[in-house]
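Colleague: My questions all concern the structure below.
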Amino acid sequence: MDGSSVSGVATSRRQFLSGTQASQAKAMRQVLTPPFAVYVLNRLGYGPRRGTPFSVEAFNALGANDDARLTAFVDQQLNPSTNPAGDVTDPDVAARLAHENYTTLGKTFEQLWQDHEVNGNPSGGPYTRDLPIREIERAVFVRATYSRWGLFEQMADFWHNHFNIYGYDRYAAPTWVSWDRDVIRRNALGNFRSMLQATFDSPAMLYYLDNYINRAPSFNENYAREIIELHTLGSINYLGANLQQHEVPDIPAGQPGAGWPVGYVDADVYELARAFTGWTFHRGASGGPNTGVAYMIPAQHDIGQKNVLGQFVAANTPYATEHQLFLDRLAYHPGTARHIALKLARRFVSDAPPQELVDHVANVFWQNRMAPDQIRLTLRALLLHDAGPGSFRDIGNFGNKVKKPFEAVVGALRAVSADFTIRRDDSESNSFMDRFRRSGHRPFDWRPPDGFPDDRNYWLGGGAFVHAWRTVDWVLDENTGSNQGDPLAPVLAITQNEFSNSPAEHTPNKLANFWLRRALGWAPDPVNGWAGTPLHTAIRDFMARNTDTVSLFNPDVGIGNGPSGNTAGLGTDGSPNYWHSRLRGMVGCILFSPQFMAR
């Protein structure tokens with residue numbers, strides 16, 4: 001591929017960060033298309049990581065052609081190793097999360113409630129209520145950076161956003177380990193109806209969406225509306241405020257859900273809210289138990305007859321039966337299948353996926369609605385179905401999605417083989433989190449119930465990118481002197497060990513080529529690498545610029561091997577050239593180029 005045929009690839013970091021959304025989108029459209037392996041690893045995880053099963057080399061060893069390799073890789077990723085409890089396991093991640101600063105990850109829900117809700121804020125004692133959320137928001141970086149199960153980590157993130165709860169909410173923070181482990185991760189590839197039930201029983205959800213104050217004879221519709229509009233059928237199946245239930249047409253015979261209403265109206269929300277009245281959780285009110293366990297207050301429950309999406313229940317039906325019938329109807333409605341299929345396609349394929357693909361995935365979701373691995377089967381159908389142009393396997397999709405700040409930072413950590421176990425009560429980790437939170441993509445920090453946007457245009461704004469880059473820049477420059485990796489990102493060591501330790505080889509041309517190939521995981525030309533592309537020229541010139549900031553020295557002269565003013569080696573960091581800092585800065589320019597940010 002002739003990189004010189006693509007203009008604008010060498011947009012500077014400053015231009016990209018300060019540009020308009022339109023100019024940033026243009027830069028993203030002008031990136032070069034990578035090999036299929038690089039495209040897949042960036043879509044189904046957080047980018048390649050050398051020397052691991054989630055590397056370009058490992059992917060290419062899975063088959064004789066791209067189709068065979070994709071099938072083998074998807075099947076591998078959809079069947080991660082698990083422990084007897086059903087938790088996905090990875091030895092590298094387990095070793096890092098076994099650090100003594102992680103103290104809550106192994107606690108049961110009951111222990112979390114007692115330790116961090118009941119006793120989390122004692123008079124005169126240590127404040128521990130938010131330790132679980134603080135540990136999980138750091139653990140999510142560790143898992144995404146070091147796990148071999150990148151697709152599973154993407155799905156955990158998907159479901160966290162689908163069933164979004166603000167992680168620092170009143171009853172979420174002290175129980176977040178359980179929400180993450182027991183509700184999201186253990187169901188991430190399982191059965192949607194089972195996951196829906198787990199969310200329905202969670203005190204974090206009941207409090208976040210106000211069902212704990214949903215009481216007859218009046219009712220609070222918040223949870224009922226969001227469970228229909230966000231968690232199940234979605235707004236794509238809302239028929240408007242003017243229709244009444246009896247006016248909604250039925251699904252035709254021969255189609256999934258035949259005889260059920262084709263969509264929902266406001267009356268369905270109100271009826272469901274009535275069904276949910278009295279459903280709350282034990283929190284020590286009026287001298288009662290303080291366990292966090294969900295239960296019904298009969299005196300606050302509306303016992304009248306109800307109708308939700310054509311599912312009728314008679315007056316005085318036991319509340320447990322009522323709940324199960326209505327949750328079944330929501331989970332098994334074909335509108336829910338279409339909604340989930342569309343969201344999955346938008347996550348992994350494009351913001352406007354082919355309708356034929358969405359329909360196929362929705363049908364697999366609905367046909368397998370009783371299967372214990374319904375979500376696994378659905379995701380496999382999405383990733384392997386060939387619906388022509390626009391299907392997942394169409395590499396023309398590359399660049400139609402952009403890395404969100406979390407994906408960009410984790411991808412950068414992976415690209416430079418960072419050795420950094422982000423954890424609680426650690427100065428480097430605290431500095432990292434303080435910088436990253438300013439990107440607007442701090443894990444579990446989205447307050448509305450709809451979750452972080454999955455639309456590329458939302459993230460094509462300077463603020464998010466600026467703070468993601470500043471986080472990466474800090475990682476590249478940090479020499480800890482602690483028990484973390486020192487430095488966190490071993491840029492110089494990688495250069496000397498994987499490229500060359502000879503000053504004669506440390507030319508701006510060769511350094512730029514080496515790091516472009518390593519950080520991006522590929523090169524346009526098997527012999528010349530990135531040489532001759534506008535991106536290579538820009539990166540090379542960054543390294544070859546003289547201290548007058550205007551002129552360039554010969555980019556084929558080795559650093560530390562040249563004339564006066566260029567006699568100190570790459571590992572030195574003294575005035576006037578600061579070579580070690582400049583090397584790290586060069587790598588940073590690559591990691592925040594449009595080429596790296598594209599997915």
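Going by the structure tokens order, chains are called A, B, ..., each with residues numbered from 1, while ligands are numbered from 1 in the order shown.
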Leaving out segment 284-295 of chain A and any residue of its chain fewer than 6 positions from it, which residues lie within 10 Å of it when counting only C-alpha atoms, given as a PyMOL selection string?

Modeller: chain A and resi 109-114+117-118+171+175+200-204+206+212+278

Colleague: I'd like to know which residues of segment 62-300 of chain A are alpha helix (DSSP H) (by DSSP, run on the backbone); could you write them as an MDAnalysis selection string?

Modeller: chainID A and resid 66:77 91:97 109:112 131:146 150:162 176:178 192:200 203:208 222:226 266:275

Colleague: Return the single residue from A:Ser502, A:Thr533, A:Asn60, A:Thr421 that is closest to Ala144 of chain A, with distances computed using only C-alpha atoms.

Modeller: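 The answer is A:Thr421, which sits nearest to Ala144 of chain A.
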
Colleague: Neighbours of Ala337 of chain A within 6 Å (only C-alpha atoms; same-chain residues fewer than 4 positions away dropped), as a compact mmCIF listing (two decimals) with N, CA and C atoms, in the first residue's frame?

Modeller:
```txt
# COMPACT_ATOMS: atom_id res chain seq x y z
N ALA A 341 -29.71 -6.77 19.55
CA ALA A 341 -28.95 -7.02 18.32
C ALA A 341 -28.41 -5.73 17.74
N ALA A 362 -30.81 -10.68 15.65
CA ALA A 362 -32.02 -10.65 16.48
C ALA A 362 -32.73 -12.00 16.46
N PHE A 365 -30.83 -14.40 18.68
CA PHE A 365 -31.11 -14.05 20.08
C PHE A 365 -32.47 -14.59 20.50
N TRP A 366 -33.49 -14.40 19.68
CA TRP A 366 -34.85 -14.81 20.05
C TRP A 366 -34.99 -16.33 20.04
```

Colleague: List every residue of segment 135-245 of chain A that has an atom at most 12 Å from any atom of segment 260-276 of chain A, giving for each one its closest atom pair and the distance in Å to one decimal, counting only C-alpha atoms, sorted by chain and then by ascending residue number, as CSV.

Modeller:
```
residue,atom,partner,partner_atom,distance
A:Phe200,CA,A:Phe276,CA,10.0
A:Asp201,CA,A:Phe276,CA,11.6
A:Leu206,CA,A:Phe276,CA,10.2
A:Leu209,CA,A:Ala273,CA,11.6
A:Asp210,CA,A:Phe276,CA,10.9
A:Asn211,CA,A:Phe276,CA,7.3
A:Tyr212,CA,A:Phe276,CA,9.5
A:Ile213,CA,A:Phe276,CA,10.3
A:Asn214,CA,A:Phe276,CA,7.1
A:Arg215,CA,A:Arg274,CA,8.1
A:Ala216,CA,A:Arg274,CA,7.3
A:Pro217,CA,A:Arg274,CA,8.6
A:Ser218,CA,A:Arg274,CA,8.2
A:Phe219,CA,A:Arg274,CA,6.2
A:Asn220,CA,A:Ala273,CA,6.5
A:Glu221,CA,A:Ala273,CA,5.0
A:Asn222,CA,A:Ala273,CA,7.9
A:Tyr223,CA,A:Ala273,CA,7.4
A:Ala224,CA,A:Ala273,CA,5.0
A:Arg225,CA,A:Val269,CA,5.4
A:Glu226,CA,A:Val269,CA,8.9
A:Ile227,CA,A:Val269,CA,9.1
A:Ile228,CA,A:Val269,CA,7.4
A:Glu229,CA,A:Val269,CA,9.1
A:Thr232,CA,A:Tyr264,CA,11.0
A:Leu233,CA,A:Gly263,CA,7.8
A:Gly234,CA,A:Tyr264,CA,9.4
A:Ser235,CA,A:Tyr264,CA,9.0
A:Ile236,CA,A:Gly263,CA,8.7
A:Asn237,CA,A:Gly263,CA,4.9
A:Tyr238,CA,A:Tyr264,CA,5.2
A:Leu239,CA,A:Val265,CA,5.6
A:Gly240,CA,A:Val265,CA,6.1
A:Ala241,CA,A:Asp266,CA,6.1
A:Asn242,CA,A:Val265,CA,8.2
A:Leu243,CA,A:Val265,CA,6.5
A:Gln244,CA,A:Val265,CA,6.8
A:Gln245,CA,A:Ala267,CA,6.6
```

Colleague: Might you pull out every residue within 7 Å of His580 of chain A, with only C-alpha atoms counted and same-chain residues fewer than 3 positions away left off, and present them as JSON, numbers by chain?

Modeller: {"A": [570, 571, 572, 573, 583, 584]}

Colleague: Can you spit out the residues from that selection as a PDB file, in the first residue's frame, using N, CA, C and O atoms?

Modeller:
```
ATOM      1  N   LEU A 570      21.020   7.809  23.053  1.00  0.00           N
ATOM      2  CA  LEU A 570      19.567   7.836  23.174  1.00  0.00           C
ATOM      3  C   LEU A 570      19.108   7.718  24.624  1.00  0.00           C
ATOM      4  O   LEU A 570      18.055   8.239  24.990  1.00  0.00           O
ATOM      5  N   GLY A 571      19.905   7.082  25.451  1.00  0.00           N
ATOM      6  CA  GLY A 571      19.503   6.897  26.843  1.00  0.00           C
ATOM      7  C   GLY A 571      19.805   8.075  27.737  1.00  0.00           C
ATOM      8  O   GLY A 571      19.473   8.051  28.924  1.00  0.00           O
ATOM      9  N   THR A 572      20.449   9.105  27.203  1.00  0.00           N
ATOM     10  CA  THR A 572      20.744  10.294  28.009  1.00  0.00           C
ATOM     11  C   THR A 572      19.596  11.282  27.911  1.00  0.00           C
ATOM     12  O   THR A 572      18.800  11.249  26.970  1.00  0.00           O
ATOM     13  N   ASP A 573      19.535  12.164  28.889  1.00  0.00           N
ATOM     14  CA  ASP A 573      18.401  13.097  28.904  1.00  0.00           C
ATOM     15  C   ASP A 573      18.837  14.499  29.291  1.00  0.00           C
ATOM     16  O   ASP A 573      18.098  15.245  29.929  1.00  0.00           O
ATOM     17  N   LEU A 583      12.486  10.546  22.794  1.00  0.00           N
ATOM     18  CA  LEU A 583      12.075   9.218  22.335  1.00  0.00           C
ATOM     19  C   LEU A 583      10.692   8.870  22.869  1.00  0.00           C
ATOM     20  O   LEU A 583       9.823   8.390  22.134  1.00  0.00           O
ATOM     21  N   ARG A 584      10.483   9.114  24.162  1.00  0.00           N
ATOM     22  CA  ARG A 584       9.165   8.833  24.745  1.00  0.00           C
ATOM     23  C   ARG A 584       8.099   9.713  24.110  1.00  0.00           C
ATOM     24  O   ARG A 584       6.975   9.277  23.862  1.00  0.00           O
TER      25      ARG A 584
END
```

Colleague: Could you tell me, as JSON, numbers by chain, which residues of segment 259-477 of chain A DSSP assigns to strand (DSSP E or B) when given the backbone?

Modeller: {"A": [261, 264, 279, 280, 281, 294, 295, 296, 306, 307, 308, 311, 312, 313, 402]}

Colleague: To one decimal in Å, tell me the separation between atom CA of Met586 of chain A and atom CA of Arg540 of chain A.

Modeller: 8.3 Å

Colleague: Considering only C-alpha atoms, return as a count of residues only whatever protein or nucleic-acid residues lie within 10 Å of segment 185-198 of chain A, sequence-local ones (same chain, fewer than 4 positions apart) excluded.

Modeller: 49

Colleague: Restricting the calculation to only C-alpha atoms: of A:Tyr146, A:Phe392, A:Phe542, A:Trp469, which residue gets closest to Tyr39 of chain A?

Modeller: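 Checking each of A:Tyr146, A:Phe392, A:Phe542, A:Trp469 against Tyr39 of chain A, counting only C-alpha atoms, the winner is A:Phe392.
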
Colleague: Per residue of segment 364-427 of chain A within 6 Å of segment 591-598 of chain A, what are the shortest atom pair and its distance in Å to one decimal, counting only C-alpha atoms, with rows by chain and residue number, as a Markdown table?

Modeller:
```
| residue | atom | partner | partner_atom | distance |
| --- | --- | --- | --- | --- |
| A:Gly399 | CA | A:Ala598 | CA | 4.8 |
| A:Val402 | CA | A:Ala598 | CA | 4.8 |
| A:Lys403 | CA | A:Met597 | CA | 5.4 |
```

Colleague: Print the selection's residues with N, CA and C atoms to a file, as a CSV table (one decimal), in the first residue's frame.

Modeller:
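The new file again.csv reads:
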```csv
chain,number,residue,atom,x,y,z
A,399,GLY,N,-12.0,2.1,10.9
A,399,GLY,CA,-12.0,3.6,10.9
A,399,GLY,C,-13.4,4.1,11.1
A,402,VAL,N,-14.1,4.8,16.6
A,402,VAL,CA,-13.0,5.5,17.2
A,402,VAL,C,-12.8,5.0,18.6
A,403,LYS,N,-11.5,4.8,19.0
A,403,LYS,CA,-11.3,4.4,20.4
A,403,LYS,C,-11.8,5.5,21.4
```

Colleague: Pick out the residues sitting within 9 Å of Leu342 of chain A, and hand them over as a list in words; count only C-alpha atoms, and ignore anything fewer than 3 positions along from it in its own chain.

Modeller: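 Result of the neighbour search: Ala337, Arg338, His339, Ala345, Arg346, Arg347, Ala352, Pro353, Gln355, Val358, Asp359, Val361 and Ala362 of chain A.
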
Colleague: Excluding Val38 of chain A and its own-chain neighbours fewer than 2 positions away, which residues fall within 9 Å of it when counting only C-alpha atoms? Please give them as a PDB file with C-alpha atoms, in the first residue's frame.

Modeller:
```pdb
ATOM      1  CA  PRO A  34      -4.339  -2.444   8.487  1.00  0.00           C
ATOM      2  CA  PRO A  35      -4.144  -6.222   8.052  1.00  0.00           C
ATOM      3  CA  PHE A  36      -7.210  -8.186   9.094  1.00  0.00           C
ATOM      4  CA  VAL A  40     -10.016  -7.804  14.620  1.00  0.00           C
ATOM      5  CA  LEU A  41      -7.826  -7.378  17.705  1.00  0.00           C
ATOM      6  CA  ASN A  42      -8.773  -3.710  17.986  1.00  0.00           C
ATOM      7  CA  ARG A  43     -12.505  -4.439  17.599  1.00  0.00           C
ATOM      8  CA  GLY A  47      -5.601  -3.962  20.640  1.00  0.00           C
ATOM      9  CA  PRO A  48      -2.702  -6.382  20.140  1.00  0.00           C
ATOM     10  CA  SER A  55      -1.217 -10.800  19.452  1.00  0.00           C
ATOM     11  CA  VAL A  56      -1.078 -10.514  15.679  1.00  0.00           C
ATOM     12  CA  LEU A 520       0.467  -0.130  15.572  1.00  0.00           C
ATOM     13  CA  GLY A 521       1.172  -3.840  15.153  1.00  0.00           C
ATOM     14  CA  TRP A 522       1.803  -3.722  11.418  1.00  0.00           C
TER      15      TRP A 522
END
```
